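Q: Pasting a structure here, questions to come.
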Amino acid sequence: MKHRLPGPEDLTAEMLIEQVAELREIGICEQEPIQLALAQSIIINSLGGEFWASECTSFGKKQEFFAQKSDVRVIHLAHVLWCLKGSPGFHDFLKKNDSNNFESTYYEAVVAYLFYKESCSVELVIPSQVRGEDFDLRIKGFGTYASLNVEVKARRNIFRSQDQALNFLKSHRSQLPRDMNGAIFIKLDIGNGSIDQVALISATKRFLKDTSRVKFVVYCWDGSPIENAIALEYCAVDLNGSMGAILGSAFRPVAPQFMIDAAIMNKNT
């Protein structure tokens with residue numbers, strides 16, 4: 001067995017296979033505990049041991065975000081990180097994450113994954129704090145767009161009115177370059193008092209008529225109230241209204257990609 005030091009360079013199927021063998025040696029053979037153990041290993045190698053101890057263990061002082069849907073959130077995050085590990089900017093993205101307020105970083109990674117599935121390439125961009133250059137993702141070959149710049153926002157509050165939604169969009173459009181293809185992706189909460197989807201689409205169309213920086217807006221939310229499930233639903237809106245399922249079906253991974261890759265490699269060795 002190889003001696004390994006944790007780090008992003010160790011995110012390989014070979015590492016996973018070795019860990020599965022170690023788990024089986026101590027009598028852990030069921031798929032669910034193996035899956036969780038591999039997910040935690042991916043997080044340690046990506047985000048570090050301190051983050052793992054705080055957010056992914058029963059003895060850690062978890063942020064509210066990780067305290068909800070804890071194990072399934074860990075597996076979901078590991079799946080996304082595993083898929084993005086070869087993307088440009090991945091290592092710098094890991095260095096800049098705010099581990100004290102991880103929800104925004106989590107959704108940046110999730111949005112990058114959604115575009116990763118449907119485009120030619122995804123680059124994770126380190127925000128520059130410069131007006132017009134302060135966005136999160138650079139996408140190549142997405143639908144009719146040869147290139148697309150994406151700003152990601154995780155909003156904890158609901159939109160109670162069209163004006164509130166409109167003002168929120170206006171406050172973030174300047175982070176995208178002028179006269180280039182841009183999009184804003186917003187994770188939002190839905191609850192009592194939220195405006196309905198028709199009103200949200202109407203407000204978004206009003207916003208898009210008045211900007212050259214943004215071609216469409218995507219809103220997403222966790223559509224599953226179940227503790228052990230994550231189902232990200234979304235609504236994409238351009239000047240014509242709802243765009244349909246431009247990012248594929250709602251995100252409900254049957255098997256994490258790291259489990260699939262480990263199984264494939266195991267068959268070939």
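We label chains A, B, ... in the order they appear in the structure tokens, count residues from 1 in each chain, and number ligands from 1 in the order shown.
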Find the spatial neighbours of Asp238 in chain A, counting only C-alpha atoms, within a cut-off of 10 Å - ignore same-chain residues fewer than 2 positions away - and output them as a list in words.

A: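 What passes the distance filter is Ala183, Ile201, Thr204, Lys205, Phe207, Leu208, Lys209, Val214, Lys215, Phe216, Val217, Val218, Ala236, Asn240, Gly241, Ser242 and Met243 of chain A.
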
Q: Could you list, as an mmCIF file with all heavy atoms, in the first residue's frame, every residue within 9 Å of Gly193 in chain A, counting only C-alpha atoms and ignoring same-chain residues fewer than 3 positions away?

A:
```cif
data_model
loop_
_atom_site.group_PDB
_atom_site.id
_atom_site.type_symbol
_atom_site.label_atom_id
_atom_site.label_comp_id
_atom_site.auth_asym_id
_atom_site.auth_seq_id
_atom_site.Cartn_x
_atom_site.Cartn_y
_atom_site.Cartn_z
ATOM 1 N N ILE A 158 -35.736 34.905 0.940
ATOM 2 C CA ILE A 158 -36.681 34.744 -0.159
ATOM 3 C C ILE A 158 -36.902 36.088 -0.857
ATOM 4 O O ILE A 158 -36.621 37.150 -0.299
ATOM 5 C CB ILE A 158 -38.030 34.193 0.349
ATOM 6 C CG1 ILE A 158 -38.699 35.198 1.300
ATOM 7 C CG2 ILE A 158 -37.840 32.845 1.028
ATOM 8 C CD1 ILE A 158 -40.073 34.792 1.762
ATOM 9 N N PHE A 159 -37.368 36.032 -2.095
ATOM 10 C CA PHE A 159 -37.821 37.231 -2.790
ATOM 11 C C PHE A 159 -39.305 37.423 -2.475
ATOM 12 O O PHE A 159 -40.137 36.588 -2.814
ATOM 13 C CB PHE A 159 -37.638 37.094 -4.305
ATOM 14 C CG PHE A 159 -36.208 37.186 -4.755
ATOM 15 C CD1 PHE A 159 -35.680 36.253 -5.632
ATOM 16 C CD2 PHE A 159 -35.394 38.221 -4.331
ATOM 17 C CE1 PHE A 159 -34.373 36.335 -6.066
ATOM 18 C CE2 PHE A 159 -34.076 38.317 -4.756
ATOM 19 C CZ PHE A 159 -33.556 37.369 -5.620
ATOM 20 N N ARG A 160 -39.630 38.545 -1.850
ATOM 21 C CA ARG A 160 -41.017 38.808 -1.472
ATOM 22 C C ARG A 160 -41.757 39.659 -2.496
ATOM 23 O O ARG A 160 -42.977 39.795 -2.430
ATOM 24 C CB ARG A 160 -41.060 39.503 -0.107
ATOM 25 C CG ARG A 160 -40.529 38.623 1.018
ATOM 26 C CD ARG A 160 -40.677 39.277 2.373
ATOM 27 N NE ARG A 160 -40.186 38.406 3.424
ATOM 28 C CZ ARG A 160 -40.900 37.442 4.000
ATOM 29 N NH1 ARG A 160 -42.162 37.253 3.622
ATOM 30 N NH2 ARG A 160 -40.386 36.682 4.944
ATOM 31 N N SER A 161 -41.018 40.248 -3.455
ATOM 32 C CA SER A 161 -41.653 41.096 -4.467
ATOM 33 C C SER A 161 -40.808 41.094 -5.723
ATOM 34 O O SER A 161 -39.612 40.761 -5.702
ATOM 35 C CB SER A 161 -41.806 42.535 -3.963
ATOM 36 O OG SER A 161 -40.534 43.153 -3.845
ATOM 37 N N ILE A 190 -36.995 29.259 -0.829
ATOM 38 C CA ILE A 190 -38.417 29.387 -1.126
ATOM 39 C C ILE A 190 -39.190 29.081 0.148
ATOM 40 O O ILE A 190 -38.897 28.104 0.840
ATOM 41 C CB ILE A 190 -38.838 28.424 -2.255
ATOM 42 C CG1 ILE A 190 -38.174 28.835 -3.568
ATOM 43 C CG2 ILE A 190 -40.344 28.403 -2.413
ATOM 44 C CD1 ILE A 190 -38.489 27.924 -4.719
#
```

Q: Pick from A:Ala229, A:Ala78, A:Val237, A:Val150: nearest to Gln257 in chain A, with only C-alpha atoms counted?

A: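 Ranking A:Ala229, A:Ala78, A:Val237, A:Val150 by distance to Gln257 in chain A, first place goes to A:Ala78.
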
Q: Enumerate the residues of range 160-228 of chain A with a DSSP assignment of strand (DSSP E), computed from the backbone, and present them as a list of chain:residue names.

A: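 The strand (DSSP E) residues within range 160-228 of chain A come out as A:Gly182, A:Ala183, A:Ile184, A:Phe185, A:Ile186, A:Lys187, A:Phe216, A:Val217, A:Val218, A:Tyr219, A:Cys220, A:Trp221, A:Asp222.
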
Q: Just N, CA, C and O atoms for this one: save the residues we selected as a PDB file, in the first residue's frame.

A:
```pdb
ATOM      1  N   GLY A 182     -23.096  36.799 -20.763  1.00  0.00           N
ATOM      2  CA  GLY A 182     -23.021  36.561 -19.331  1.00  0.00           C
ATOM      3  C   GLY A 182     -24.311  35.954 -18.804  1.00  0.00           C
ATOM      4  O   GLY A 182     -25.367  36.044 -19.432  1.00  0.00           O
ATOM      5  N   ALA A 183     -24.204  35.328 -17.644  1.00  0.00           N
ATOM      6  CA  ALA A 183     -25.375  34.758 -16.976  1.00  0.00           C
ATOM      7  C   ALA A 183     -25.201  34.904 -15.471  1.00  0.00           C
ATOM      8  O   ALA A 183     -24.072  34.929 -14.969  1.00  0.00           O
ATOM      9  N   ILE A 184     -26.305  35.016 -14.775  1.00  0.00           N
ATOM     10  CA  ILE A 184     -26.299  35.025 -13.315  1.00  0.00           C
ATOM     11  C   ILE A 184     -27.047  33.793 -12.835  1.00  0.00           C
ATOM     12  O   ILE A 184     -28.149  33.500 -13.303  1.00  0.00           O
ATOM     13  N   PHE A 185     -26.438  33.062 -11.927  1.00  0.00           N
ATOM     14  CA  PHE A 185     -27.028  31.847 -11.363  1.00  0.00           C
ATOM     15  C   PHE A 185     -27.251  32.100  -9.880  1.00  0.00           C
ATOM     16  O   PHE A 185     -26.306  32.393  -9.148  1.00  0.00           O
ATOM     17  N   ILE A 186     -28.493  32.001  -9.433  1.00  0.00           N
ATOM     18  CA  ILE A 186     -28.838  32.349  -8.060  1.00  0.00           C
ATOM     19  C   ILE A 186     -29.464  31.150  -7.354  1.00  0.00           C
ATOM     20  O   ILE A 186     -30.501  30.634  -7.787  1.00  0.00           O
ATOM     21  N   LYS A 187     -28.834  30.711  -6.279  1.00  0.00           N
ATOM     22  CA  LYS A 187     -29.488  29.759  -5.385  1.00  0.00           C
ATOM     23  C   LYS A 187     -30.346  30.590  -4.445  1.00  0.00           C
ATOM     24  O   LYS A 187     -29.864  31.540  -3.818  1.00  0.00           O
ATOM     25  N   PHE A 216     -29.074  35.546 -19.692  1.00  0.00           N
ATOM     26  CA  PHE A 216     -30.118  34.795 -19.013  1.00  0.00           C
ATOM     27  C   PHE A 216     -29.767  34.662 -17.530  1.00  0.00           C
ATOM     28  O   PHE A 216     -28.625  34.886 -17.113  1.00  0.00           O
ATOM     29  N   VAL A 217     -30.786  34.314 -16.752  1.00  0.00           N
ATOM     30  CA  VAL A 217     -30.643  34.118 -15.313  1.00  0.00           C
ATOM     31  C   VAL A 217     -31.182  32.736 -14.976  1.00  0.00           C
ATOM     32  O   VAL A 217     -32.206  32.309 -15.524  1.00  0.00           O
ATOM     33  N   VAL A 218     -30.491  32.037 -14.073  1.00  0.00           N
ATOM     34  CA  VAL A 218     -30.964  30.739 -13.597  1.00  0.00           C
ATOM     35  C   VAL A 218     -31.177  30.823 -12.084  1.00  0.00           C
ATOM     36  O   VAL A 218     -30.292  31.283 -11.353  1.00  0.00           O
ATOM     37  N   TYR A 219     -32.344  30.392 -11.639  1.00  0.00           N
ATOM     38  CA  TYR A 219     -32.645  30.296 -10.211  1.00  0.00           C
ATOM     39  C   TYR A 219     -32.692  28.815  -9.841  1.00  0.00           C
ATOM     40  O   TYR A 219     -33.262  28.006 -10.576  1.00  0.00           O
ATOM     41  N   CYS A 220     -32.092  28.455  -8.709  1.00  0.00           N
ATOM     42  CA  CYS A 220     -32.193  27.059  -8.276  1.00  0.00           C
ATOM     43  C   CYS A 220     -32.525  26.998  -6.795  1.00  0.00           C
ATOM     44  O   CYS A 220     -32.279  27.944  -6.032  1.00  0.00           O
ATOM     45  N   TRP A 221     -33.095  25.880  -6.379  1.00  0.00           N
ATOM     46  CA  TRP A 221     -33.468  25.662  -4.992  1.00  0.00           C
ATOM     47  C   TRP A 221     -33.497  24.167  -4.738  1.00  0.00           C
ATOM     48  O   TRP A 221     -33.617  23.360  -5.675  1.00  0.00           O
ATOM     49  N   ASP A 222     -33.356  23.792  -3.485  1.00  0.00           N
ATOM     50  CA  ASP A 222     -33.434  22.378  -3.120  1.00  0.00           C
ATOM     51  C   ASP A 222     -34.902  21.995  -3.043  1.00  0.00           C
ATOM     52  O   ASP A 222     -35.633  22.446  -2.168  1.00  0.00           O
TER      53      ASP A 222
END
```

Q: Using only C-alpha atoms, what does the table of range 7-93 of chain A residues within 7 Å of range 118-141 of chain A look like, with each row giving the shortest atom pair and its distance in Å to one decimal, sorted by chain and ascending number, as a tab-separated table?

A:
```
residue	atom	partner	partner_atom	distance
A:Ser87	CA	A:Glu123	CA	6.0
A:Pro88	CA	A:Glu123	CA	4.8
A:Gly89	CA	A:Leu124	CA	4.7
A:Phe90	CA	A:Leu124	CA	6.1
A:Phe93	CA	A:Leu124	CA	6.5
```

Q: Based on the selection just made, write C-alpha atoms of those residues as a PDB file, in the first residue's frame.

A:
```
ATOM      1  CA  SER A  87     -11.083  21.650 -14.700  1.00  0.00           C
ATOM      2  CA  PRO A  88      -8.875  24.741 -15.120  1.00  0.00           C
ATOM      3  CA  GLY A  89      -8.742  26.790 -11.936  1.00  0.00           C
ATOM      4  CA  PHE A  90      -9.740  23.891  -9.663  1.00  0.00           C
ATOM      5  CA  PHE A  93     -10.691  27.490  -6.327  1.00  0.00           C
TER       6      PHE A  93
END
```
